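Okay, structure_3.txt now, which holds compact mmCIF, C-alpha atoms and all ligand atoms:
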# COMPACT_ATOMS: atom_id res chain seq x y z
CA MET Y 1 22.00 -35.71 20.27
CA SER Y 2 20.29 -36.46 16.96
CA VAL Y 3 20.86 -34.16 13.97
CA LEU Y 4 18.92 -34.24 10.72
CA VAL Y 5 21.28 -33.33 7.89
CA THR Y 6 19.61 -32.12 4.69
CA GLY Y 7 21.88 -32.59 1.68
CA GLY Y 8 23.99 -34.91 3.82
CA ALA Y 9 25.08 -37.03 0.85
CA GLY Y 10 26.67 -34.05 -0.95
CA TYR Y 11 30.22 -32.77 -0.83
CA ILE Y 12 30.22 -30.76 2.40
CA GLY Y 13 27.35 -32.72 3.96
CA SER Y 14 29.08 -36.10 3.65
CA HIS Y 15 32.29 -34.83 5.27
CA THR Y 16 30.23 -33.20 8.02
CA CYS Y 17 28.32 -36.42 8.70
CA VAL Y 18 31.62 -38.29 9.22
CA GLU Y 19 32.83 -35.67 11.74
CA LEU Y 20 29.45 -35.53 13.52
CA ILE Y 21 29.33 -39.31 13.91
CA ASN Y 22 32.97 -39.34 15.06
CA ALA Y 23 31.95 -36.78 17.69
CA GLY Y 24 29.22 -39.11 18.97
CA VAL Y 25 26.26 -37.39 17.31
CA ASP Y 26 23.41 -39.46 15.80
CA VAL Y 27 22.85 -38.49 12.20
CA VAL Y 28 19.76 -38.77 9.97
CA ILE Y 29 20.43 -37.83 6.35
CA VAL Y 30 17.75 -36.45 4.03
CA ASP Y 31 18.79 -36.05 0.39
CA ASN Y 32 16.99 -36.30 -2.94
CA PHE Y 33 20.28 -37.25 -4.68
CA CYS Y 34 19.80 -34.59 -7.37
CA ASN Y 35 23.46 -33.59 -7.19
CA CYS Y 36 25.25 -36.61 -5.73
CA LYS Y 37 25.47 -40.38 -6.03
CA LYS Y 38 23.96 -42.79 -3.55
CA SER Y 39 27.32 -44.48 -3.24
CA SER Y 40 28.50 -41.52 -1.17
CA ILE Y 41 26.31 -42.94 1.62
CA ASN Y 42 28.31 -46.19 1.50
CA ARG Y 43 31.55 -44.23 1.62
CA ILE Y 44 30.39 -42.43 4.77
CA ARG Y 45 29.39 -45.80 6.28
CA ALA Y 46 32.81 -47.26 5.55
CA LEU Y 47 34.53 -44.46 7.47
CA VAL Y 48 32.48 -44.54 10.68
CA ASN Y 49 31.86 -47.24 13.25
CA LYS Y 50 28.22 -46.50 13.76
CA ASP Y 51 25.16 -46.99 11.60
CA PHE Y 52 22.90 -44.13 10.61
CA THR Y 53 19.66 -43.69 8.72
CA TYR Y 54 19.16 -41.96 5.42
CA TYR Y 55 15.99 -41.01 3.58
CA GLU Y 56 15.60 -40.27 -0.10
CA CYS Y 57 13.32 -37.26 0.18
CA ASP Y 58 13.01 -33.80 -1.35
CA ILE Y 59 12.91 -31.10 1.30
CA ARG Y 60 9.96 -29.55 -0.57
CA ASP Y 61 7.95 -32.74 0.11
CA LYS Y 62 6.17 -31.55 3.23
CA LYS Y 63 4.41 -34.82 3.99
CA GLY Y 64 7.54 -36.89 3.49
CA LEU Y 65 9.62 -34.59 5.66
CA ASP Y 66 6.94 -34.49 8.35
CA SER Y 67 6.84 -38.28 8.54
CA ILE Y 68 10.65 -38.34 9.02
CA PHE Y 69 10.37 -35.87 11.92
CA LYS Y 70 7.57 -37.99 13.41
CA LYS Y 71 9.61 -41.18 13.12
CA GLU Y 72 13.03 -39.94 14.24
CA LYS Y 73 13.76 -38.01 17.39
CA ILE Y 74 15.40 -34.94 15.87
CA ASP Y 75 17.06 -32.37 18.16
CA SER Y 76 18.43 -30.05 15.50
CA VAL Y 77 18.96 -29.63 11.77
CA ILE Y 78 21.98 -28.81 9.61
CA HIS Y 79 20.61 -27.54 6.32
CA PHE Y 80 22.94 -28.10 3.34
CA ALA Y 81 20.35 -29.09 0.72
CA GLY Y 82 20.31 -26.64 -2.14
CA LEU Y 83 21.33 -26.03 -5.72
CA LYS Y 84 24.67 -24.22 -5.91
CA ALA Y 85 25.82 -23.53 -9.47
CA VAL Y 86 26.08 -19.77 -9.95
CA ASP Y 87 25.91 -19.79 -13.77
CA GLU Y 88 23.05 -22.30 -13.89
CA SER Y 89 21.09 -20.12 -11.48
CA VAL Y 90 21.22 -17.27 -14.00
CA TYR Y 91 19.25 -19.22 -16.59
CA LYS Y 92 17.14 -21.26 -14.13
CA PRO Y 93 16.18 -18.66 -11.50
CA LEU Y 94 12.75 -20.14 -10.78
CA GLU Y 95 14.25 -23.57 -10.12
CA TYR Y 96 16.81 -22.02 -7.77
CA PHE Y 97 14.30 -19.95 -5.82
CA ASP Y 98 11.93 -22.90 -5.61
CA ASN Y 99 14.52 -25.43 -4.50
CA ASN Y 100 16.52 -23.23 -2.15
CA VAL Y 101 14.05 -20.68 -0.77
CA ASN Y 102 10.80 -22.63 -0.98
CA GLY Y 103 12.62 -25.78 0.18
CA THR Y 104 13.85 -23.90 3.26
CA LEU Y 105 10.36 -22.54 4.00
CA VAL Y 106 8.90 -26.05 3.89
CA LEU Y 107 11.69 -27.36 6.11
CA LEU Y 108 11.21 -24.57 8.68
CA ASP Y 109 7.45 -25.09 8.76
CA VAL Y 110 7.84 -28.83 9.33
CA MET Y 111 10.46 -28.20 12.02
CA ARG Y 112 8.18 -25.75 13.85
CA ASN Y 113 5.20 -28.14 13.61
CA ASN Y 114 7.35 -30.81 15.22
CA GLY Y 115 8.77 -28.58 17.96
CA CYS Y 116 12.31 -28.57 16.53
CA LYS Y 117 13.67 -25.01 16.55
CA LYS Y 118 17.41 -25.41 16.09
CA ILE Y 119 19.05 -24.99 12.71
CA VAL Y 120 22.49 -24.44 11.21
CA PHE Y 121 22.30 -23.00 7.70
CA SER Y 122 24.88 -23.23 4.88
CA SER Y 123 25.32 -19.67 3.77
CA SER Y 124 28.13 -18.27 1.70
CA ALA Y 125 30.67 -15.46 1.52
CA THR Y 126 28.77 -14.46 -1.61
CA VAL Y 127 26.28 -12.60 0.64
CA TYR Y 128 28.99 -9.97 1.27
CA GLY Y 129 28.52 -8.86 -2.35
CA MET Y 130 30.89 -6.79 -4.46
CA ASN Y 131 31.56 -3.75 -2.28
CA ASN Y 132 32.96 -4.87 1.08
CA ILE Y 133 36.73 -4.87 1.51
CA SER Y 134 38.46 -8.05 2.78
CA PRO Y 135 39.04 -9.26 5.43
CA LEU Y 136 35.28 -9.66 5.67
CA THR Y 137 33.66 -9.51 9.10
CA GLU Y 138 30.19 -10.71 10.06
CA ASP Y 139 28.96 -7.21 10.93
CA MET Y 140 29.51 -5.84 7.41
CA GLN Y 141 26.48 -5.02 5.33
CA VAL Y 142 25.31 -7.97 3.24
CA GLY Y 143 23.12 -8.05 0.17
CA GLY Y 144 24.66 -6.58 -2.99
CA VAL Y 145 24.56 -10.03 -4.58
CA THR Y 146 24.90 -10.39 -8.36
CA ASN Y 147 23.19 -13.69 -9.22
CA PRO Y 148 20.08 -15.73 -8.30
CA TYR Y 149 22.10 -18.36 -6.38
CA GLY Y 150 23.63 -15.70 -4.15
CA ARG Y 151 20.24 -14.06 -3.73
CA THR Y 152 18.76 -17.34 -2.46
CA LYS Y 153 21.45 -17.38 0.26
CA PHE Y 154 20.78 -13.75 1.16
CA MET Y 155 17.00 -14.30 1.17
CA ILE Y 156 17.26 -17.38 3.38
CA GLU Y 157 19.49 -15.45 5.82
CA CYS Y 158 16.76 -12.75 5.94
CA ILE Y 159 14.02 -15.34 6.47
CA LEU Y 160 15.92 -16.96 9.33
CA GLN Y 161 16.60 -13.60 10.96
CA ASP Y 162 12.92 -12.61 10.69
CA LEU Y 163 11.95 -15.98 12.13
CA TYR Y 164 14.19 -15.38 15.14
CA VAL Y 165 12.71 -11.91 15.67
CA SER Y 166 9.21 -13.42 15.63
CA ASP Y 167 10.08 -16.19 18.08
CA ASN Y 168 13.34 -16.01 20.00
CA SER Y 169 13.04 -19.53 21.32
CA TRP Y 170 14.66 -20.53 18.00
CA SER Y 171 18.37 -21.19 17.89
CA ILE Y 172 19.79 -20.33 14.48
CA CYS Y 173 23.35 -20.33 13.18
CA LEU Y 174 24.24 -18.87 9.79
CA LEU Y 175 27.60 -20.17 8.57
CA ARG Y 176 29.18 -18.19 5.75
CA TYR Y 177 31.57 -20.51 3.94
CA PHE Y 178 34.50 -19.20 1.97
CA ASN Y 179 35.97 -21.58 -0.68
CA PRO Y 180 35.79 -25.22 0.42
CA ILE Y 181 38.27 -27.55 -1.31
CA GLY Y 182 40.14 -30.72 -0.29
CA ALA Y 183 38.78 -34.13 0.53
CA HIS Y 184 38.76 -36.78 3.24
CA LYS Y 185 42.26 -38.11 4.05
CA SER Y 186 41.20 -41.64 3.12
CA GLY Y 187 40.80 -40.61 -0.53
CA THR Y 188 37.32 -42.19 -0.51
CA MET Y 189 35.21 -39.02 -0.26
CA GLY Y 190 35.54 -35.76 -2.16
CA GLU Y 191 33.97 -33.32 -4.57
CA ASP Y 192 32.30 -34.89 -7.60
CA PRO Y 193 30.79 -32.19 -9.80
CA ASN Y 194 28.46 -32.97 -12.70
CA GLY Y 195 29.83 -31.99 -16.11
CA ILE Y 196 32.41 -29.27 -16.55
CA PRO Y 197 33.47 -27.95 -13.14
CA ASN Y 198 32.81 -24.28 -12.45
CA ASN Y 199 35.04 -24.10 -9.42
CA LEU Y 200 38.80 -23.81 -9.49
CA MET Y 201 40.01 -26.91 -7.61
CA PRO Y 202 37.86 -29.55 -9.33
CA TYR Y 203 38.85 -28.01 -12.67
CA ILE Y 204 42.55 -28.23 -11.74
CA THR Y 205 42.23 -31.87 -10.61
CA GLN Y 206 40.47 -32.77 -13.86
CA VAL Y 207 43.31 -31.17 -15.84
CA ALA Y 208 45.74 -33.18 -13.70
CA ILE Y 209 44.09 -36.52 -14.57
CA GLY Y 210 43.92 -35.58 -18.25
CA LYS Y 211 40.15 -35.04 -18.49
CA ARG Y 212 40.65 -31.39 -19.46
CA GLU Y 213 43.49 -29.99 -21.54
CA TYR Y 214 44.30 -26.84 -19.61
CA LEU Y 215 42.96 -24.50 -16.97
CA ASN Y 216 41.37 -21.22 -18.01
CA VAL Y 217 42.52 -18.55 -15.60
CA TRP Y 218 39.72 -16.01 -15.52
CA GLY Y 219 41.62 -12.73 -15.67
CA ASP Y 220 45.14 -11.63 -14.72
CA ASP Y 221 44.52 -7.90 -14.55
CA TYR Y 222 42.97 -7.66 -11.09
CA ASP Y 223 44.46 -5.44 -8.42
CA THR Y 224 46.12 -8.40 -6.65
CA PRO Y 225 49.82 -9.36 -6.27
CA ASP Y 226 49.90 -11.45 -9.48
CA GLY Y 227 46.76 -10.08 -11.15
CA THR Y 228 44.64 -13.22 -10.63
CA GLY Y 229 41.67 -13.51 -8.24
CA VAL Y 230 42.40 -14.06 -4.55
CA ARG Y 231 40.19 -16.34 -2.42
CA ASP Y 232 40.11 -17.90 1.04
CA TYR Y 233 40.34 -21.66 0.43
CA ILE Y 234 39.31 -23.85 3.35
CA HIS Y 235 39.75 -27.60 3.78
CA VAL Y 236 36.36 -29.34 3.72
CA VAL Y 237 37.25 -31.29 6.90
CA ASP Y 238 37.96 -28.04 8.76
CA LEU Y 239 34.62 -26.78 7.48
CA ALA Y 240 32.94 -29.99 8.66
CA LEU Y 241 34.48 -29.57 12.13
CA GLY Y 242 33.07 -26.03 12.21
CA HIS Y 243 29.60 -27.57 11.89
CA VAL Y 244 30.20 -29.83 14.88
CA LYS Y 245 30.98 -26.70 16.94
CA ALA Y 246 28.00 -24.83 15.48
CA VAL Y 247 25.58 -27.60 16.37
CA GLN Y 248 26.95 -27.67 19.93
CA LYS Y 249 26.39 -23.90 20.07
CA ILE Y 250 22.72 -24.06 19.01
CA GLU Y 251 22.14 -26.99 21.37
CA ALA Y 252 23.43 -24.89 24.28
CA GLY Y 253 20.67 -22.25 24.08
CA SER Y 254 18.53 -20.11 21.86
CA GLY Y 255 19.97 -17.23 19.86
CA LEU Y 256 20.91 -16.03 16.40
CA TYR Y 257 24.55 -16.52 15.52
CA ILE Y 258 26.52 -15.67 12.37
CA TYR Y 259 30.03 -16.94 11.66
CA ASN Y 260 32.50 -16.87 8.80
CA LEU Y 261 34.13 -20.22 8.16
CA GLY Y 262 37.39 -19.46 6.40
CA THR Y 263 41.12 -19.47 7.12
CA GLY Y 264 41.68 -15.71 6.92
CA LYS Y 265 44.36 -16.23 4.26
CA GLY Y 266 44.03 -15.33 0.59
CA TYR Y 267 45.61 -17.28 -2.28
CA SER Y 268 45.58 -16.27 -5.93
CA VAL Y 269 44.61 -18.63 -8.75
CA LEU Y 270 48.29 -18.99 -9.67
CA ASP Y 271 49.25 -19.63 -6.02
CA VAL Y 272 46.76 -22.53 -6.02
CA VAL Y 273 48.12 -23.86 -9.32
CA LYS Y 274 51.67 -23.80 -7.88
CA ALA Y 275 50.63 -25.41 -4.59
CA PHE Y 276 48.76 -28.13 -6.48
CA GLU Y 277 51.73 -28.83 -8.78
CA LYS Y 278 53.97 -29.16 -5.72
CA ALA Y 279 51.58 -31.47 -3.91
CA SER Y 280 50.82 -33.71 -6.90
CA GLY Y 281 54.00 -33.54 -8.95
CA VAL Y 282 51.76 -32.90 -11.99
CA LYS Y 283 52.20 -29.85 -14.22
CA ILE Y 284 49.00 -27.85 -14.78
CA PRO Y 285 48.98 -26.08 -18.14
CA TYR Y 286 46.90 -22.90 -18.12
CA LYS Y 287 45.82 -20.08 -20.40
CA ILE Y 288 44.90 -16.61 -19.27
CA GLY Y 289 41.34 -15.79 -20.34
CA PRO Y 290 39.02 -12.83 -19.81
CA ARG Y 291 37.54 -11.98 -16.42
CA ARG Y 292 34.49 -14.06 -15.46
CA ALA Y 293 31.29 -12.00 -15.07
CA GLY Y 294 30.44 -11.27 -11.45
CA ASP Y 295 33.90 -12.13 -10.05
CA ILE Y 296 35.64 -9.83 -7.61
CA ALA Y 297 39.40 -9.36 -7.18
CA THR Y 298 39.81 -10.41 -3.57
CA CYS Y 299 37.65 -12.21 -1.02
CA TYR Y 300 38.89 -13.56 2.29
CA SER Y 301 37.51 -13.84 5.78
CA ASP Y 302 38.25 -12.55 9.20
CA PRO Y 303 37.63 -15.88 10.97
CA GLY Y 304 38.16 -14.42 14.47
CA LYS Y 305 34.55 -14.49 15.62
CA ALA Y 306 34.21 -18.25 15.08
CA TYR Y 307 37.41 -18.73 17.10
CA ARG Y 308 36.29 -16.47 19.94
CA GLU Y 309 32.75 -17.84 20.22
CA LEU Y 310 33.00 -21.43 18.95
CA GLY Y 311 36.63 -22.19 19.73
CA TRP Y 312 37.01 -23.21 16.09
CA LYS Y 313 39.75 -22.39 13.64
CA ALA Y 314 40.92 -23.97 10.40
CA GLU Y 315 44.03 -26.13 10.93
CA ARG Y 316 44.80 -27.49 7.45
CA ASP Y 317 46.99 -25.49 5.07
CA ILE Y 318 46.86 -25.07 1.29
CA GLU Y 319 49.36 -27.91 0.74
CA GLU Y 320 47.20 -30.35 2.64
CA MET Y 321 44.12 -29.14 0.75
CA CYS Y 322 45.89 -29.81 -2.56
CA GLU Y 323 47.29 -33.20 -1.47
CA ASP Y 324 43.88 -34.39 -0.33
CA SER Y 325 42.07 -33.10 -3.43
CA TRP Y 326 44.62 -34.92 -5.57
CA ARG Y 327 44.38 -38.19 -3.59
CA TRP Y 328 40.59 -38.20 -4.05
CA GLN Y 329 40.70 -37.34 -7.75
CA SER Y 330 43.53 -39.71 -8.66
CA GLN Y 331 41.95 -42.63 -6.76
CA ASN Y 332 38.47 -41.86 -8.18
CA PRO Y 333 39.03 -40.48 -11.68
CA ASN Y 334 35.30 -40.76 -12.44
CA GLY Y 335 34.12 -39.65 -9.01
CA TYR Y 336 31.67 -41.79 -7.04
CA PRO Y 337 30.47 -45.00 -8.70
CA ASP Y 338 26.83 -45.03 -9.92
P1 LIG M 401 26.33 -30.48 -3.02
O1 LIG M 401 25.52 -30.22 -4.25
O2 LIG M 401 27.44 -31.46 -3.09
O3 LIG M 401 25.35 -30.89 -1.81
C1 LIG M 401 24.02 -30.46 -1.73
C2 LIG M 401 23.17 -31.70 -1.53
O4 LIG M 401 21.81 -31.31 -1.41
C3 LIG M 401 23.26 -32.68 -2.71
O5 LIG M 401 23.56 -33.96 -2.20
C4 LIG M 401 21.87 -32.63 -3.33
O6 LIG M 401 21.50 -33.90 -3.87
C5 LIG M 401 21.01 -32.22 -2.15
N1 LIG M 401 19.78 -31.48 -2.50
C6 LIG M 401 19.65 -30.41 -3.31
N2 LIG M 401 18.37 -30.02 -3.35
C7 LIG M 401 17.66 -30.85 -2.56
C8 LIG M 401 16.30 -30.95 -2.19
N3 LIG M 401 15.38 -30.12 -2.70
N4 LIG M 401 15.92 -31.91 -1.33
C9 LIG M 401 16.85 -32.78 -0.82
N5 LIG M 401 18.14 -32.74 -1.12
C10 LIG M 401 18.55 -31.78 -2.00
O7 LIG M 401 26.87 -29.06 -2.53
P2 LIG M 401 27.92 -28.71 -1.39
O8 LIG M 401 29.11 -28.13 -2.03
O9 LIG M 401 28.08 -29.84 -0.44
O10 LIG M 401 27.16 -27.50 -0.67
C11 LIG M 401 26.32 -27.71 0.45
C12 LIG M 401 25.66 -26.38 0.80
O11 LIG M 401 26.69 -25.41 1.05
C13 LIG M 401 24.78 -25.80 -0.31
O12 LIG M 401 23.66 -25.18 0.29
C14 LIG M 401 25.69 -24.75 -0.94
O13 LIG M 401 24.94 -23.72 -1.54
C15 LIG M 401 26.47 -24.25 0.28
N6 LIG M 401 27.76 -23.66 -0.08
C16 LIG M 401 28.66 -24.38 -0.83
C17 LIG M 401 29.86 -23.81 -1.20
C18 LIG M 401 30.83 -24.56 -2.06
O14 LIG M 401 31.74 -23.93 -2.62
N7 LIG M 401 30.76 -25.87 -2.19
C19 LIG M 401 30.17 -22.48 -0.80
C20 LIG M 401 29.24 -21.78 -0.02
C21 LIG M 401 28.03 -22.38 0.34
N1 LIG M 402 38.80 -19.56 -11.54
C1 LIG M 402 39.57 -19.65 -12.68
N2 LIG M 402 39.34 -20.68 -13.55
C2 LIG M 402 38.35 -21.60 -13.33
C3 LIG M 402 37.57 -21.50 -12.16
C4 LIG M 402 37.83 -20.46 -11.29
O1 LIG M 402 40.46 -18.82 -12.92
O2 LIG M 402 38.16 -22.51 -14.16
C5 LIG M 402 39.07 -18.45 -10.57
C6 LIG M 402 37.90 -17.51 -10.34
O3 LIG M 402 37.90 -16.47 -11.30
C7 LIG M 402 38.17 -17.04 -8.91
C8 LIG M 402 38.82 -18.26 -8.24
O4 LIG M 402 39.33 -19.07 -9.31
O5 LIG M 402 39.11 -15.99 -8.90
C9 LIG M 402 37.84 -19.10 -7.41
O6 LIG M 402 36.71 -19.40 -8.21
P1 LIG M 402 35.61 -20.47 -7.76
O7 LIG M 402 34.60 -20.56 -8.87
O8 LIG M 402 36.28 -21.74 -7.35
O9 LIG M 402 34.98 -19.84 -6.45
P2 LIG M 402 34.23 -18.43 -6.20
O10 LIG M 402 35.12 -17.67 -5.27
O11 LIG M 402 34.03 -17.76 -7.50
O12 LIG M 402 32.97 -18.84 -5.55
Represent the structure of the file as structure tokens.
Ligand code: NAD
Ligand code: UDP
Amino acid sequence: MSVLVTGGAGYIGSHTCVELINAGVDVVIVDNFCNCKKSSINRIRALVNKDFTYYECDIRDKKGLDSIFKKEKIDSVIHFAGLKAVDESVYKPLEYFDNNVNGTLVLLDVMRNNGCKKIVFSSSATVYGMNNISPLTEDMQVGGVTNPYGRTKFMIECILQDLYVSDNSWSICLLRYFNPIGAHKSGTMGEDPNGIPNNLMPYITQVAIGKREYLNVWGDDYDTPDGTGVRDYIHVVDLALGHVKAVQKIEAGSGLYIYNLGTGKGYSVLDVVKAFEKASGVKIPYKIGPRRAGDIATCYSDPGKAYRELGWKAERDIEEMCEDSWRWQSQNPNGYPD
């Protein structure tokens, strides 16, 4: 089986490529390297015993993408490529809609023209919006999204569902990720954000190595056990293994499938700080700040459907997530080399 992985050099994509190759799948990576370093490709290579091909190509480059499909024998696609910073999307909406939505349209058109009709898409728990009560299940209404990034995910889900209605020989899997953290056990691959991290775990690890003075905790007056926001953190390797199962599912026959990829457990910001301090032995100073616009109190999954239909469940606990995040950050204080 040969899988084209868009955005395969990024955080989740690189971990997924390692697990796909370990599972005997042939991988072809397409990435324009707008949010990752090329050295991540070498790190993937060093962890697997099999060579693979990568192309530097923007998914909006129809001709370039078409020539890759003509050259490689692609059975299915896992589509990670996209811009993902919520706050940036608020002031660059056109760039986000162009990259994420238009990029997906180009990809789908090229796939159809080349007779490839199997795709796994990186969606997000953000599509559940502000009003659903956790644990979130796949049949809940989606949509009430509060920012352009989230809207791109919702719009792409709609596009893929309409595509399936128009032609049910497609096989489409929408994976709604909760909060991926952690890193490969080797300490050689992990999350490497540009600039000041928006997400909790990379901010904590940068405080731990002394790059940032303290963590801002965005609000302690939520209706949660300690007042701070509760999320469903999932180890990136568990998430990667979920993609291996998803690709096997779409290979098995046509259909439209939607799965949450989460652990089903919620941890508050202060729970994560404590777990990280325990795993690393490093104290994380923090200050309580105001709530962050658009945040909700609690968001965690019901991961049961993925277990029932894919036989997948997350195995790694919060301690392991923290240990692995810390190993990556402490061994690579400046992230991937240029
Ligand atoms: P990432 O930025 O590390 O990876 C995305 C990759 O796509 C990068 O390597 C980037 O260079 C590439 N890319 C972006 N636009 C491209 C384009 N037009 N053409 C070719 N390559 C392009 O992000 P990630 O955390 O690995 O996320 C992967 C996917 O999962 C994204 O679609 C993201 O929205 C989604 N997702 C991520 C999270 C999260 O918390 N990390 C949560 C939910 C969903
Ligand atoms: N958070 C925080 N300080 C930070 C980053 C995040 O207190 O510097 C909180 C945020 O308010 C939320 C949780 O940590 O309750 C997870 O935020 P993140 O941005 O990692 O993921 P989200 O669930 O918002 O996508």
Axis-aligned box for range 296-315 of chain Y, 4 Å per side, centre and edges in Å as JSON:
{"center_x": 38.4, "center_y": -17.7, "center_z": 6.3, "size_x": 19.3, "size_y": 24.8, "size_z": 35.8}
If the limit is 6 Å from any atom of ligand LIG 401 (chain M), counting all atoms listed in the file, which residues qualify? Return them as a PyMOL selection string. chain Y and resi 7+9-13+31-36+57-60+80-84+99+103+122-124+177+179-180
Contacts of Ile204 in chain Y at 9 Å (all atoms listed in the file; same-chain gap of 5+ positions) as a PyMOL selection string: chain Y and resi 199+209+212+214-215+273+276+284
Find the residues near ligand LIG 402 (chain M). Use a cut-off of 9 Å, count all atoms listed in the file, and write them as a PyMOL selection string. chain Y and resi 86+124-126+178-181+197-204+215-220+228-233+268-270+272+288-289+291-299
Could you check how far CA of Trp326 in chain Y sits from CA of Gly262 in chain Y, in Å to one decimal?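 Taking CA of Trp326 in chain Y as the start and CA of Gly262 in chain Y as the end point, the length is 20.8 Å.
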Near-range 108-115 of chain Y list (12 Å; all atoms listed in the file; drop same-chain fewer than 3 positions) as a PyMOL selection string: chain Y and resi 4+6+59-79+101-105+118-121+156+159-160+163-164+167+169-172
Nearest to Ser330 in chain Y, restricted to only C-alpha atoms and choosing among Y:Val3, Y:Met130, Y:Val207, Y:Ala275, comes out as Y:Val207
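Nearest-residue note for Ser39 in chain Y: choosing from Y:Val25, Y:Leu256, Y:Ala240, Y:Met189, the minimum distance belongs to Y:Met189, counting all atoms listed in the file.
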Leaving out Thr16 in chain Y and any residue of its chain fewer than 3 positions from it, which residues lie within 8 Å of it when counting all atoms listed in the file, given as a PyMOL selection string? chain Y and resi 8+12-13+19-20+237+239-241+243-244
A straight line from CA of Asp302 in chain Y to CA of Tyr257 in chain Y spans 15.6 Å
Taking into account all atoms listed in the file, which residue in the set Y:Lys249, Y:Gly264, Y:Ala279, Y:Gln329 is nearest to Glu309 in chain Y? Y:Lys249
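Proximity of Y:Val247, Y:Val127, Y:Ile318, Y:Leu107 to Thr146 in chain Y, computed with all atoms listed in the file, is greatest for Y:Val127.
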Written coordinates, all heavy atoms of range 123-128 of chain Y as a PDB file, in the first residue's frame:
ATOM      1  N   SER Y 123      -9.031  16.623  10.920  1.00  0.00           N
ATOM      2  CA  SER Y 123      -9.950  17.627  11.443  1.00  0.00           C
ATOM      3  C   SER Y 123      -9.629  17.860  12.921  1.00  0.00           C
ATOM      4  O   SER Y 123      -8.578  17.418  13.413  1.00  0.00           O
ATOM      5  CB  SER Y 123     -11.398  17.183  11.228  1.00  0.00           C
ATOM      6  OG  SER Y 123     -12.258  18.264  11.519  1.00  0.00           O
ATOM      7  N   SER Y 124     -10.510  18.534  13.591  1.00  0.00           N
ATOM      8  CA  SER Y 124     -10.188  18.961  14.950  1.00  0.00           C
ATOM      9  C   SER Y 124     -11.433  18.980  15.812  1.00  0.00           C
ATOM     10  O   SER Y 124     -12.544  19.229  15.323  1.00  0.00           O
ATOM     11  CB  SER Y 124      -9.600  20.377  14.870  1.00  0.00           C
ATOM     12  OG  SER Y 124      -9.591  20.967  16.141  1.00  0.00           O
ATOM     13  N   ALA Y 125     -11.223  18.804  17.125  1.00  0.00           N
ATOM     14  CA  ALA Y 125     -12.322  18.923  18.080  1.00  0.00           C
ATOM     15  C   ALA Y 125     -12.934  20.317  18.041  1.00  0.00           C
ATOM     16  O   ALA Y 125     -14.058  20.510  18.511  1.00  0.00           O
ATOM     17  CB  ALA Y 125     -11.805  18.632  19.485  1.00  0.00           C
ATOM     18  N   THR Y 126     -12.221  21.267  17.456  1.00  0.00           N
ATOM     19  CA  THR Y 126     -12.746  22.630  17.369  1.00  0.00           C
ATOM     20  C   THR Y 126     -14.071  22.688  16.600  1.00  0.00           C
ATOM     21  O   THR Y 126     -14.879  23.583  16.824  1.00  0.00           O
ATOM     22  CB  THR Y 126     -11.679  23.582  16.755  1.00  0.00           C
ATOM     23  OG1 THR Y 126     -12.076  24.923  16.989  1.00  0.00           O
ATOM     24  CG2 THR Y 126     -11.507  23.396  15.269  1.00  0.00           C
ATOM     25  N   VAL Y 127     -14.317  21.696  15.709  1.00  0.00           N
ATOM     26  CA  VAL Y 127     -15.576  21.727  14.940  1.00  0.00           C
ATOM     27  C   VAL Y 127     -16.805  21.527  15.849  1.00  0.00           C
ATOM     28  O   VAL Y 127     -17.913  21.850  15.449  1.00  0.00           O
ATOM     29  CB  VAL Y 127     -15.616  20.692  13.771  1.00  0.00           C
ATOM     30  CG1 VAL Y 127     -14.495  20.941  12.775  1.00  0.00           C
ATOM     31  CG2 VAL Y 127     -15.606  19.259  14.280  1.00  0.00           C
ATOM     32  N   TYR Y 128     -16.601  21.021  17.065  1.00  0.00           N
ATOM     33  CA  TYR Y 128     -17.742  20.854  17.980  1.00  0.00           C
ATOM     34  C   TYR Y 128     -18.229  22.188  18.548  1.00  0.00           C
ATOM     35  O   TYR Y 128     -19.296  22.247  19.166  1.00  0.00           O
ATOM     36  CB  TYR Y 128     -17.395  19.893  19.126  1.00  0.00           C
ATOM     37  CG  TYR Y 128     -17.277  18.446  18.670  1.00  0.00           C
ATOM     38  CD1 TYR Y 128     -16.055  17.796  18.626  1.00  0.00           C
ATOM     39  CD2 TYR Y 128     -18.408  17.736  18.275  1.00  0.00           C
ATOM     40  CE1 TYR Y 128     -15.945  16.479  18.211  1.00  0.00           C
ATOM     41  CE2 TYR Y 128     -18.313  16.417  17.855  1.00  0.00           C
ATOM     42  CZ  TYR Y 128     -17.086  15.797  17.829  1.00  0.00           C
ATOM     43  OH  TYR Y 128     -16.992  14.484  17.409  1.00  0.00           O
TER      44      TYR Y 128
END
